[in-house]
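Coordinates from input23.tsv are shown below (TSV, C-alpha atoms and all ligand atoms).
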chain	number	residue	atom	x	y	z
A	1016	MET	CA	-20.28	-12.55	-4.33
A	1017	ASN	CA	-20.28	-10.62	-7.61
A	1018	LEU	CA	-16.95	-11.81	-8.98
A	1019	ALA	CA	-17.28	-9.92	-12.27
A	1020	GLU	CA	-17.63	-6.64	-10.36
A	1021	LEU	CA	-14.74	-7.49	-8.00
A	1022	HIS	CA	-12.53	-8.32	-10.99
A	1023	LYS	CA	-13.46	-5.07	-12.72
A	1024	VAL	CA	-12.59	-2.97	-9.65
A	1025	ALA	CA	-9.33	-4.88	-9.10
A	1026	LEU	CA	-8.31	-4.26	-12.72
A	1027	ALA	CA	-9.11	-0.55	-12.40
A	1028	MET	CA	-6.94	-0.35	-9.27
A	1029	VAL	CA	-3.90	-1.55	-11.23
A	1030	ALA	CA	-4.60	0.25	-14.52
A	1031	PRO	CA	-1.39	1.03	-16.49
A	1032	GLY	CA	0.06	4.46	-15.72
A	1033	LYS	CA	-1.75	4.62	-12.38
A	1034	GLY	CA	-1.34	3.39	-8.82
A	1035	ILE	CA	-2.79	3.65	-5.35
A	1036	LEU	CA	-2.32	6.45	-2.82
A	1037	ALA	CA	-2.06	4.94	0.67
A	1038	ALA	CA	-3.44	7.77	2.81
A	1039	ASP	CA	-4.69	5.47	5.57
A	1040	GLU	CA	-2.25	6.38	8.34
A	1041	SER	CA	-3.82	5.70	11.72
A	1042	THR	CA	-4.29	8.69	14.04
A	1043	GLY	CA	-1.07	7.69	15.84
A	1044	THR	CA	1.00	7.41	12.66
A	1045	ILE	CA	-0.20	10.67	11.06
A	1046	LYS	CA	0.57	12.43	14.37
A	1047	LYS	CA	4.19	11.26	14.02
A	1048	ARG	CA	4.33	12.46	10.40
A	1049	PHE	CA	2.89	15.85	11.37
A	1050	GLU	CA	5.31	16.20	14.30
A	1051	ALA	CA	8.17	15.87	11.81
A	1052	ILE	CA	6.86	18.94	9.91
A	1053	GLY	CA	5.84	20.89	13.02
A	1054	VAL	CA	2.08	20.55	12.56
A	1055	GLU	CA	-0.39	19.81	15.33
A	1056	SER	CA	-2.51	16.77	14.48
A	1057	THR	CA	-6.21	17.57	14.86
A	1058	ALA	CA	-9.27	16.31	12.97
A	1059	ASP	CA	-9.21	19.59	10.99
A	1060	SER	CA	-5.50	19.59	10.17
A	1061	ARG	CA	-5.73	15.96	9.07
A	1062	ARG	CA	-8.72	16.86	6.89
A	1063	ASP	CA	-7.01	19.92	5.39
A	1064	TYR	CA	-3.90	17.92	4.53
A	1065	ARG	CA	-5.76	15.02	2.96
A	1066	GLU	CA	-8.13	17.32	1.13
A	1067	LEU	CA	-5.18	19.04	-0.55
A	1068	LEU	CA	-3.99	15.66	-1.84
A	1069	PHE	CA	-7.42	14.59	-3.10
A	1070	ARG	CA	-7.90	17.98	-4.80
A	1071	SER	CA	-4.58	17.67	-6.68
A	1072	THR	CA	-6.62	17.24	-9.82
A	1073	GLU	CA	-3.84	16.55	-12.31
A	1074	ALA	CA	-2.19	13.88	-10.13
A	1075	MET	CA	-5.46	12.27	-9.15
A	1076	LYS	CA	-6.97	12.15	-12.64
A	1077	ASN	CA	-3.88	10.90	-14.44
A	1078	HIS	CA	-1.93	8.80	-11.98
A	1079	ILE	CA	-4.03	7.71	-8.99
A	1080	SER	CA	-6.42	4.78	-9.44
A	1081	GLY	CA	-7.55	4.52	-5.83
A	1082	VAL	CA	-7.05	5.98	-2.36
A	1083	ILE	CA	-6.85	3.99	0.87
A	1084	LEU	CA	-8.58	5.91	3.65
A	1085	PHE	CA	-8.60	5.64	7.44
A	1086	ASP	CA	-11.90	5.27	9.33
A	1087	GLU	CA	-11.91	8.96	10.31
A	1088	THR	CA	-11.30	10.18	6.74
A	1089	ILE	CA	-14.03	8.16	5.04
A	1090	ARG	CA	-16.52	9.97	7.30
A	1091	GLN	CA	-15.06	13.48	6.83
A	1092	THR	CA	-16.23	16.27	4.57
A	1093	ALA	CA	-14.07	18.79	2.72
A	1094	ARG	CA	-14.07	22.43	3.86
A	1095	ASP	CA	-16.99	23.14	1.51
A	1096	GLY	CA	-19.04	20.27	2.96
A	1097	THR	CA	-18.49	17.76	0.12
A	1098	PRO	CA	-17.75	14.27	1.49
A	1099	LEU	CA	-14.06	13.47	0.87
A	1100	THR	CA	-15.13	10.23	-0.86
A	1101	LYS	CA	-17.00	12.39	-3.40
A	1102	VAL	CA	-13.90	14.53	-3.98
A	1103	ILE	CA	-12.00	11.32	-4.75
A	1104	THR	CA	-14.61	9.85	-7.11
A	1105	ALA	CA	-15.02	13.22	-8.86
A	1106	ALA	CA	-11.30	13.02	-9.70
A	1107	GLY	CA	-11.87	9.56	-11.20
A	1108	ALA	CA	-10.28	7.53	-8.39
A	1109	ILE	CA	-11.79	4.75	-6.27
A	1110	PRO	CA	-12.15	5.10	-2.48
A	1111	GLY	CA	-10.90	2.23	-0.31
A	1112	ILE	CA	-10.60	1.67	3.42
A	1113	LYS	CA	-8.07	0.24	5.88
A	1114	VAL	CA	-10.00	-2.26	8.01
A	1115	ASP	CA	-7.36	-3.87	10.20
A	1116	LYS	CA	-7.02	-2.54	13.73
A	1117	GLY	CA	-3.24	-2.58	13.87
A	1118	THR	CA	-0.86	-5.01	15.52
A	1119	ARG	CA	-0.52	-6.44	19.05
A	1120	PRO	CA	2.21	-8.70	20.48
A	1121	LEU	CA	1.69	-12.30	19.34
A	1122	ALA	CA	1.21	-14.52	22.39
A	1123	LEU	CA	4.16	-16.80	23.21
A	1124	SER	CA	6.19	-15.34	20.30
A	1125	PRO	CA	8.44	-12.63	21.78
A	1126	GLY	CA	9.29	-9.88	19.28
A	1127	GLU	CA	6.48	-10.77	16.89
A	1128	VAL	CA	3.07	-9.23	16.25
A	1129	ILE	CA	-0.35	-10.27	15.00
A	1130	THR	CA	-2.76	-7.99	13.15
A	1131	GLU	CA	-6.15	-7.70	14.84
A	1132	GLY	CA	-9.56	-6.62	13.57
A	1133	LEU	CA	-11.52	-9.73	12.50
A	1134	ASP	CA	-14.16	-9.42	15.24
A	1135	GLY	CA	-17.14	-7.50	13.88
A	1136	LEU	CA	-15.44	-7.08	10.50
A	1137	ARG	CA	-18.47	-8.24	8.47
A	1138	GLU	CA	-20.62	-5.47	9.96
A	1139	ARG	CA	-17.90	-2.84	9.47
A	1140	LEU	CA	-17.48	-3.86	5.83
A	1141	ILE	CA	-21.21	-3.42	5.23
A	1142	GLU	CA	-21.03	0.06	6.74
A	1143	TYR	CA	-17.91	1.02	4.72
A	1144	ARG	CA	-19.58	-0.15	1.53
A	1145	GLY	CA	-22.44	2.21	2.30
A	1146	LEU	CA	-19.89	5.00	2.77
A	1147	GLY	CA	-18.51	4.33	-0.73
A	1148	ALA	CA	-15.56	1.96	-0.22
A	1149	LYS	CA	-15.01	-0.44	-3.11
A	1150	PHE	CA	-11.84	-2.02	-1.78
A	1151	ALA	CA	-10.20	-2.63	1.58
A	1152	LYS	CA	-6.74	-3.14	3.02
A	1153	TRP	CA	-5.34	-5.36	5.79
A	1154	ARG	CA	-1.64	-5.26	6.63
A	1155	ALA	CA	0.19	-8.21	8.20
A	1156	VAL	CA	3.64	-7.44	9.59
A	1157	ILE	CA	6.52	-9.92	9.55
A	1158	ASP	CA	9.82	-8.85	11.09
A	1159	ILE	CA	13.23	-10.38	10.39
A	1160	ALA	CA	15.67	-10.92	13.29
A	1161	PRO	CA	17.67	-13.85	14.72
A	1162	GLY	CA	15.13	-16.69	15.14
A	1163	ILE	CA	12.37	-14.52	13.64
A	1164	PRO	CA	9.95	-14.96	11.95
A	1165	THR	CA	8.64	-18.13	13.57
A	1166	PRO	CA	6.19	-20.50	11.86
A	1167	ASN	CA	3.65	-19.35	14.47
A	1168	SER	CA	3.74	-15.74	13.30
A	1169	VAL	CA	3.77	-16.55	9.56
A	1170	THR	CA	0.85	-18.99	9.82
A	1171	ALA	CA	-1.26	-16.87	12.19
A	1172	ASN	CA	-0.80	-13.68	10.16
A	1173	MET	CA	-1.46	-15.28	6.76
A	1174	HIS	CA	-4.52	-17.07	8.17
A	1175	ALA	CA	-5.91	-13.75	9.41
A	1176	LEU	CA	-5.31	-12.19	5.98
A	1177	ALA	CA	-7.25	-15.03	4.33
A	1178	ARG	CA	-10.20	-14.68	6.73
A	1179	TYR	CA	-10.24	-10.92	6.06
A	1180	ALA	CA	-10.11	-11.44	2.28
A	1181	ALA	CA	-13.01	-13.92	2.33
A	1182	LEU	CA	-15.17	-11.53	4.39
A	1183	CYS	CA	-14.41	-8.69	1.94
A	1184	GLN	CA	-15.41	-10.73	-1.08
A	1185	GLU	CA	-18.64	-11.83	0.60
A	1186	GLU	CA	-19.50	-8.11	0.85
A	1187	ASP	CA	-18.36	-7.35	-2.73
A	1188	ILE	CA	-15.29	-5.42	-1.60
A	1189	VAL	CA	-11.91	-6.10	-3.25
A	1190	PRO	CA	-9.37	-7.09	-0.59
A	1191	ILE	CA	-5.86	-5.68	-0.86
A	1192	VAL	CA	-3.86	-8.43	0.75
A	1193	GLU	CA	-0.74	-6.94	2.35
A	1194	PRO	CA	1.89	-9.24	3.86
A	1195	GLU	CA	4.72	-6.82	4.71
A	1196	VAL	CA	8.16	-8.23	5.43
A	1197	LEU	CA	9.82	-5.30	7.20
A	1198	MET	CA	13.15	-3.80	6.10
A	1199	ASP	CA	14.13	-2.70	9.63
A	1200	GLY	CA	16.84	-5.27	10.41
A	1201	ASP	CA	20.45	-5.87	9.38
A	1202	HIS	CA	19.59	-8.90	7.21
A	1203	ASP	CA	20.80	-9.10	3.61
A	1204	THR	CA	18.81	-9.30	0.38
A	1205	ASP	CA	18.91	-13.10	0.26
A	1206	ARG	CA	17.41	-13.38	3.75
A	1207	CYS	CA	14.62	-11.01	2.66
A	1208	TYR	CA	14.08	-13.20	-0.41
A	1209	GLN	CA	13.85	-16.36	1.73
A	1210	VAL	CA	11.34	-14.91	4.21
A	1211	THR	CA	9.25	-13.26	1.47
A	1212	GLU	CA	9.04	-16.61	-0.34
A	1213	TRP	CA	7.91	-18.39	2.84
A	1214	VAL	CA	5.32	-15.71	3.58
A	1215	LEU	CA	3.87	-15.59	0.04
A	1216	LYS	CA	3.67	-19.38	-0.29
A	1217	THR	CA	1.84	-19.57	3.05
A	1218	LEU	CA	-0.45	-16.72	2.04
A	1219	TYR	CA	-1.60	-18.34	-1.20
A	1220	GLN	CA	-2.21	-21.68	0.58
A	1221	GLU	CA	-4.37	-19.90	3.16
A	1222	LEU	CA	-6.28	-17.91	0.53
A	1223	ASP	CA	-7.01	-21.15	-1.32
A	1224	VAL	CA	-8.28	-22.92	1.81
A	1225	ALA	CA	-10.46	-19.88	2.57
A	1226	ARG	CA	-11.96	-20.09	-0.98
A	1227	VAL	CA	-10.89	-16.57	-1.90
A	1228	GLU	CA	-11.27	-15.83	-5.64
A	1229	LEU	CA	-7.86	-14.58	-6.72
A	1230	GLU	CA	-9.27	-12.66	-9.73
A	1231	GLY	CA	-10.95	-10.34	-7.24
A	1232	THR	CA	-7.90	-9.49	-5.12
A	1233	VAL	CA	-4.83	-7.24	-5.30
A	1234	LEU	CA	-1.52	-8.20	-3.65
A	1235	LYS	CA	0.45	-5.52	-1.80
A	1236	PRO	CA	3.89	-6.98	-1.02
A	1237	ASN	CA	7.29	-5.65	-0.01
A	1238	MET	CA	10.13	-5.66	-2.51
A	1239	VAL	CA	13.17	-7.88	-1.96
A	1240	VAL	CA	15.59	-5.40	-0.40
A	1241	PRO	CA	18.38	-5.57	2.21
A	1242	GLY	CA	17.53	-4.46	5.76
A	1243	LYS	CA	18.19	-0.77	6.49
A	1244	LYS	CA	21.10	-1.70	8.78
A	1245	CYS	CA	22.72	-4.12	6.31
A	1246	ALA	CA	26.09	-2.83	5.08
A	1247	LYS	CA	25.79	-4.67	1.76
A	1248	ARG	CA	23.45	-2.58	-0.41
A	1249	ALA	CA	21.70	-3.89	-3.52
A	1250	THR	CA	21.60	-2.35	-6.98
A	1251	VAL	CA	18.30	-1.32	-8.56
A	1252	GLU	CA	18.61	-4.20	-11.06
A	1253	GLU	CA	19.24	-6.74	-8.28
A	1254	VAL	CA	16.16	-5.63	-6.32
A	1255	ALA	CA	14.01	-5.76	-9.46
A	1256	GLU	CA	15.32	-9.14	-10.59
A	1257	LYS	CA	14.99	-10.82	-7.17
A	1258	THR	CA	11.58	-9.33	-6.46
A	1259	VAL	CA	10.17	-10.48	-9.80
A	1260	ARG	CA	11.76	-13.91	-9.31
A	1261	VAL	CA	10.17	-14.50	-5.91
A	1262	LEU	CA	6.80	-13.20	-7.08
A	1263	LYS	CA	6.82	-15.46	-10.14
A	1264	ALA	CA	7.65	-18.42	-7.90
A	1265	CYS	CA	4.81	-17.74	-5.46
A	1266	VAL	CA	2.03	-15.57	-6.89
A	1267	PRO	CA	-0.56	-17.13	-9.23
A	1268	SER	CA	-1.06	-15.36	-12.56
A	1269	ALA	CA	-4.81	-15.27	-11.82
A	1270	ILE	CA	-4.41	-12.13	-9.71
A	1271	PRO	CA	-4.98	-8.93	-11.71
A	1272	GLY	CA	-2.14	-7.02	-10.17
A	1273	ILE	CA	0.54	-6.33	-7.62
A	1274	ALA	CA	0.75	-2.91	-5.93
A	1275	PHE	CA	3.91	-2.52	-3.87
A	1276	LEU	CA	4.28	-0.77	-0.52
A	1277	SER	CA	7.29	1.56	-0.17
A	1278	GLY	CA	8.19	0.41	3.34
A	1279	GLY	CA	10.78	3.07	4.17
A	1280	GLN	CA	12.62	3.25	0.83
A	1281	SER	CA	13.49	6.77	-0.32
A	1282	ASP	CA	11.07	8.35	-2.81
A	1283	GLU	CA	13.45	7.88	-5.71
A	1284	GLU	CA	14.45	4.32	-4.77
A	1285	ALA	CA	10.81	3.25	-4.64
A	1286	THR	CA	10.26	4.73	-8.10
A	1287	ALA	CA	13.49	3.32	-9.61
A	1288	HIS	CA	12.74	-0.20	-8.33
A	1289	LEU	CA	9.19	-0.15	-9.71
A	1290	ASP	CA	10.43	1.14	-13.05
A	1291	ALA	CA	13.13	-1.56	-13.30
A	1292	MET	CA	10.57	-4.29	-12.64
A	1293	ASN	CA	8.30	-2.97	-15.36
A	1294	ARG	CA	11.21	-3.07	-17.83
A	1295	ILE	CA	11.35	-6.86	-17.37
A	1296	LYS	CA	9.38	-8.47	-20.22
A	1297	GLY	CA	6.53	-10.92	-19.83
A	1298	LEU	CA	5.26	-10.17	-16.30
A	1299	PRO	CA	2.04	-12.17	-15.74
A	1300	TRP	CA	0.33	-9.43	-13.69
A	1301	LYS	CA	0.16	-5.63	-13.72
A	1302	VAL	CA	2.83	-4.20	-11.40
A	1303	THR	CA	2.20	-0.83	-9.76
A	1304	PHE	CA	2.50	1.17	-6.53
A	1305	SER	CA	0.43	1.57	-3.39
A	1306	TYR	CA	2.77	3.97	-1.66
A	1307	GLY	CA	2.27	5.89	1.55
A	1308	ARG	CA	5.55	7.52	2.51
A	1309	ALA	CA	7.11	7.49	-0.98
A	1310	LEU	CA	4.18	9.56	-2.33
A	1311	GLN	CA	3.60	11.79	0.67
A	1312	ALA	CA	6.96	12.69	2.18
A	1313	ALA	CA	7.56	15.46	-0.39
A	1314	PRO	CA	4.10	17.08	-0.23
A	1315	GLN	CA	4.09	16.91	3.58
A	1316	LYS	CA	7.38	18.76	3.74
A	1317	ALA	CA	6.26	21.34	1.19
A	1318	TRP	CA	2.96	21.93	3.01
A	1319	SER	CA	4.22	22.14	6.61
A	1320	GLY	CA	0.71	23.05	7.75
A	1321	LYS	CA	0.56	26.43	5.97
A	1322	ALA	CA	-2.35	27.42	3.72
A	1323	GLU	CA	0.00	29.44	1.49
A	1324	ASN	CA	1.97	26.23	0.75
A	1325	VAL	CA	-0.98	24.21	-0.56
A	1326	ALA	CA	-0.13	24.79	-4.24
A	1327	ALA	CA	3.53	23.85	-3.70
A	1328	ALA	CA	2.48	20.70	-1.83
A	1329	GLN	CA	0.13	19.76	-4.66
A	1330	ARG	CA	2.96	20.25	-7.17
A	1331	ALA	CA	5.22	17.99	-5.08
A	1332	PHE	CA	2.52	15.33	-4.91
A	1333	ALA	CA	1.80	15.62	-8.66
A	1334	HIS	CA	5.49	15.16	-9.40
A	1335	ARG	CA	5.81	11.94	-7.35
A	1336	ALA	CA	2.54	10.61	-8.77
A	1337	ARG	CA	3.75	11.28	-12.31
A	1338	MET	CA	7.16	9.70	-11.71
A	1339	ASN	CA	5.55	6.57	-10.27
A	1340	GLY	CA	2.96	6.54	-13.07
A	1341	LEU	CA	5.83	6.47	-15.58
A	1342	ALA	CA	7.48	3.69	-13.54
A	1343	THR	CA	4.38	1.50	-13.97
A	1344	LEU	CA	5.09	1.71	-17.72
A	1345	GLY	CA	8.87	1.25	-17.41
A	1346	GLN	CA	9.29	4.79	-18.80
A	1347	TRP	CA	10.78	6.65	-15.82
A	1348	LYS	CA	14.19	8.29	-16.16
A	1349	ARG	CA	16.39	9.67	-13.40
A	1350	GLU	CA	16.90	12.88	-15.42
A	1351	LEU	CA	13.20	13.68	-14.98
A	1352	GLU	CA	13.80	13.97	-11.23
A	1353	LYS	CA	16.75	16.30	-11.71
A	1354	LYS	CA	14.85	18.50	-14.13
A	1355	ALA	CA	12.03	18.93	-11.61
A	1356	ALA	CA	14.47	19.78	-8.82
B	1	LIG	P1	4.38	2.80	2.83
B	1	LIG	O1	4.42	2.94	1.32
B	1	LIG	O2	4.75	4.05	3.55
B	1	LIG	O3	5.11	1.57	3.30
B	1	LIG	O4	2.85	2.60	3.22
B	1	LIG	C1	2.08	1.75	2.49
B	1	LIG	C2	1.07	1.14	3.37
B	1	LIG	O5	-0.11	1.23	3.12
B	1	LIG	C3	1.53	0.38	4.52
B	1	LIG	O6	0.47	-0.36	5.05
Would you give me this structure, written as structure tokens?
Ligand code: 13P
Amino acid sequence: MNLAELHKVALAMVAPGKGILAADESTGTIKKRFEAIGVESTADSRRDYRELLFRSTEAMKNHISGVILFDETIRQTARDGTPLTKVITAAGAIPGIKVDKGTRPLALSPGEVITEGLDGLRERLIEYRGLGAKFAKWRAVIDIAPGIPTPNSVTANMHALARYAALCQEEDIVPIVEPEVLMDGDHDTDRCYQVTEWVLKTLYQELDVARVELEGTVLKPNMVVPGKKCAKRATVEEVAEKTVRVLKACVPSAIPGIAFLSGGQSDEEATAHLDAMNRIKGLPWKVTFSYGRALQAAPQKAWSGKAENVAAAQRAFAHRARMNGLATLGQWKRELEKKAA
């Protein structure tokens, strides 16, 4: 393992003013996103859409440190034949790759899932490295419901994350370690806090046992938010304060940075929460974004599959990237959103 190189890449992924574009939707998920905008999902339409994002030069150069790709995309070329990974590196961003194979029901744990994809992972990592990936992503999913999560699901999912992270580091690929506590339920903010704490403490125990070098990793967690169906909403300050509190209690300062998922928050909420966290003094790690939906909902809507909308879609993407870039510095203001609208 070349730890110095891993550390350098991890630091670049969380560079101030920048964050990660999660464009690694599986074929099934991107089909759903395209259905919502009336676009047929084909290899070409997926390529055209992602190419327009990666060619948004201003957004990519100034505010995007890295891009998480899906297996299909890392092998695709742009319309002019340039590999999409080259388009990304030419814009100054780092290509990464989703390597988990999604979730399946966890045996004997009704309502819970386990992320699969460890079999053959070493060989796939070697291939992805050859295709230009410098970091990888694995997402574990923890749901909250009555009696859920169980110790079985927390332990099994964090153990899998640790095995994935160790394999990545052996192949000189920075693992993004993503333990996502879902916001789908009717639970309140404190319940989210409690489960997030349990999950993160288990994760860092498992990473330690697996001998993962924390300096060469990036954490991608959820924020501490109430479930979507919870009547009691939380203020921006409450989300920021509770999220920072649980992270400080569980996440070693050795990690270079934390890049949040958006998880179903609105575009503006995801930005406001990130901004409020970065206004808190003395954070021991860099705190940035690794958003999928909160960066792409606006450009997808603006594009709607039409070539004549490409420029408008790129403007929408550039706007969200700039807002989130400002939020990594604690310099975002709500008025900037209004002005753009
Ligand atoms: P969202 O920001 O849409 O949650 O996606 C981030 C991601 O990569 C989930 O694995």
Arg1260 of chain A surroundings by all atoms listed in the file, 10 Å radius, close-in-sequence under 5 positions cut, as a PDB file with C-alpha atoms, in the coordinates of the input:
ATOM      1  CA  TYR A1208      14.080 -13.200  -0.410  1.00  0.00           C
ATOM      2  CA  GLU A1212       9.040 -16.610  -0.340  1.00  0.00           C
ATOM      3  CA  VAL A1239      13.170  -7.880  -1.960  1.00  0.00           C
ATOM      4  CA  VAL A1254      16.160  -5.630  -6.320  1.00  0.00           C
ATOM      5  CA  ALA A1255      14.010  -5.760  -9.460  1.00  0.00           C
ATOM      6  CA  CYS A1265       4.810 -17.740  -5.460  1.00  0.00           C
TER       7      CYS A1265
END
Atomic separation - atom CA of Leu1310 of chain A relative to atom CA of Gln1280 of chain A, Å: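 One can read the atom CA of Gln1280 of chain A to atom CA of Leu1310 of chain A distance as 11.0 Å.
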Please, which residues in chain A fall within 7 Å of ligand LIG 1 (chain B) when counting only C-alpha atoms and all ligand atoms, and what is the closest atom pair and distance in Å to one decimal for each, ordered by chain then residue number, as a Markdown table?
| residue | atom | partner | partner_atom | distance |
| --- | --- | --- | --- | --- |
| A:Ala1037 | CA | B:LIG1 | O5 | 4.9 |
| A:Asp1039 | CA | B:LIG1 | O5 | 6.7 |
| A:Arg1154 | CA | B:LIG1 | O6 | 5.6 |
| A:Leu1276 | CA | B:LIG1 | O1 | 4.1 |
| A:Ser1277 | CA | B:LIG1 | O1 | 3.5 |
| A:Gly1278 | CA | B:LIG1 | O3 | 3.3 |
| A:Gly1279 | CA | B:LIG1 | O3 | 5.9 |
| A:Ser1305 | CA | B:LIG1 | C1 | 6.1 |
| A:Tyr1306 | CA | B:LIG1 | O1 | 3.6 |
| A:Gly1307 | CA | B:LIG1 | O1 | 3.7 |
| A:Arg1308 | CA | B:LIG1 | O2 | 3.7 |
| A:Ala1309 | CA | B:LIG1 | O1 | 5.8 |
Polymer residues at most 9 Å from (7.6, -0.5, -8.7) by only C-alpha atoms, as number ranges by chain: A: 1238, 1255, 1274-1277, 1285-1293, 1302-1304, 1339, 1342-1343, 1345
Point (-13.0, -14.6, 6.3), cut-off 10 Å, counting only C-alpha atoms, residues as a PyMOL selection string: chain A and resi 1133+1136-1137+1174-1185+1222+1225-1227
Exercise: Gln1209 of chain A partners within 9 Å, only C-alpha atoms, chain neighbours under 5 positions left out, as a list in words: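 The residues satisfying every condition are Thr1204, Val1214 and Val1261 of chain A.
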Gap from atom CA of Lys1243 of chain A to atom CA of Met1198 of chain A - Å, one decimal: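 Interatomic distance here is 5.9 Å.
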From A:Ile1188, A:Val1196, A:Leu1021, A:Val1102, residue lying nearest Ile1089 of chain A [all atoms listed in the file]: A:Val1102
Gly1107 of chain A environment, 12 Å, only C-alpha atoms, sequence neighbours closer than 5 positions dropped, as a ChimeraX atom specification: /A:1027-1028,1033,1069-1082,1100-1102
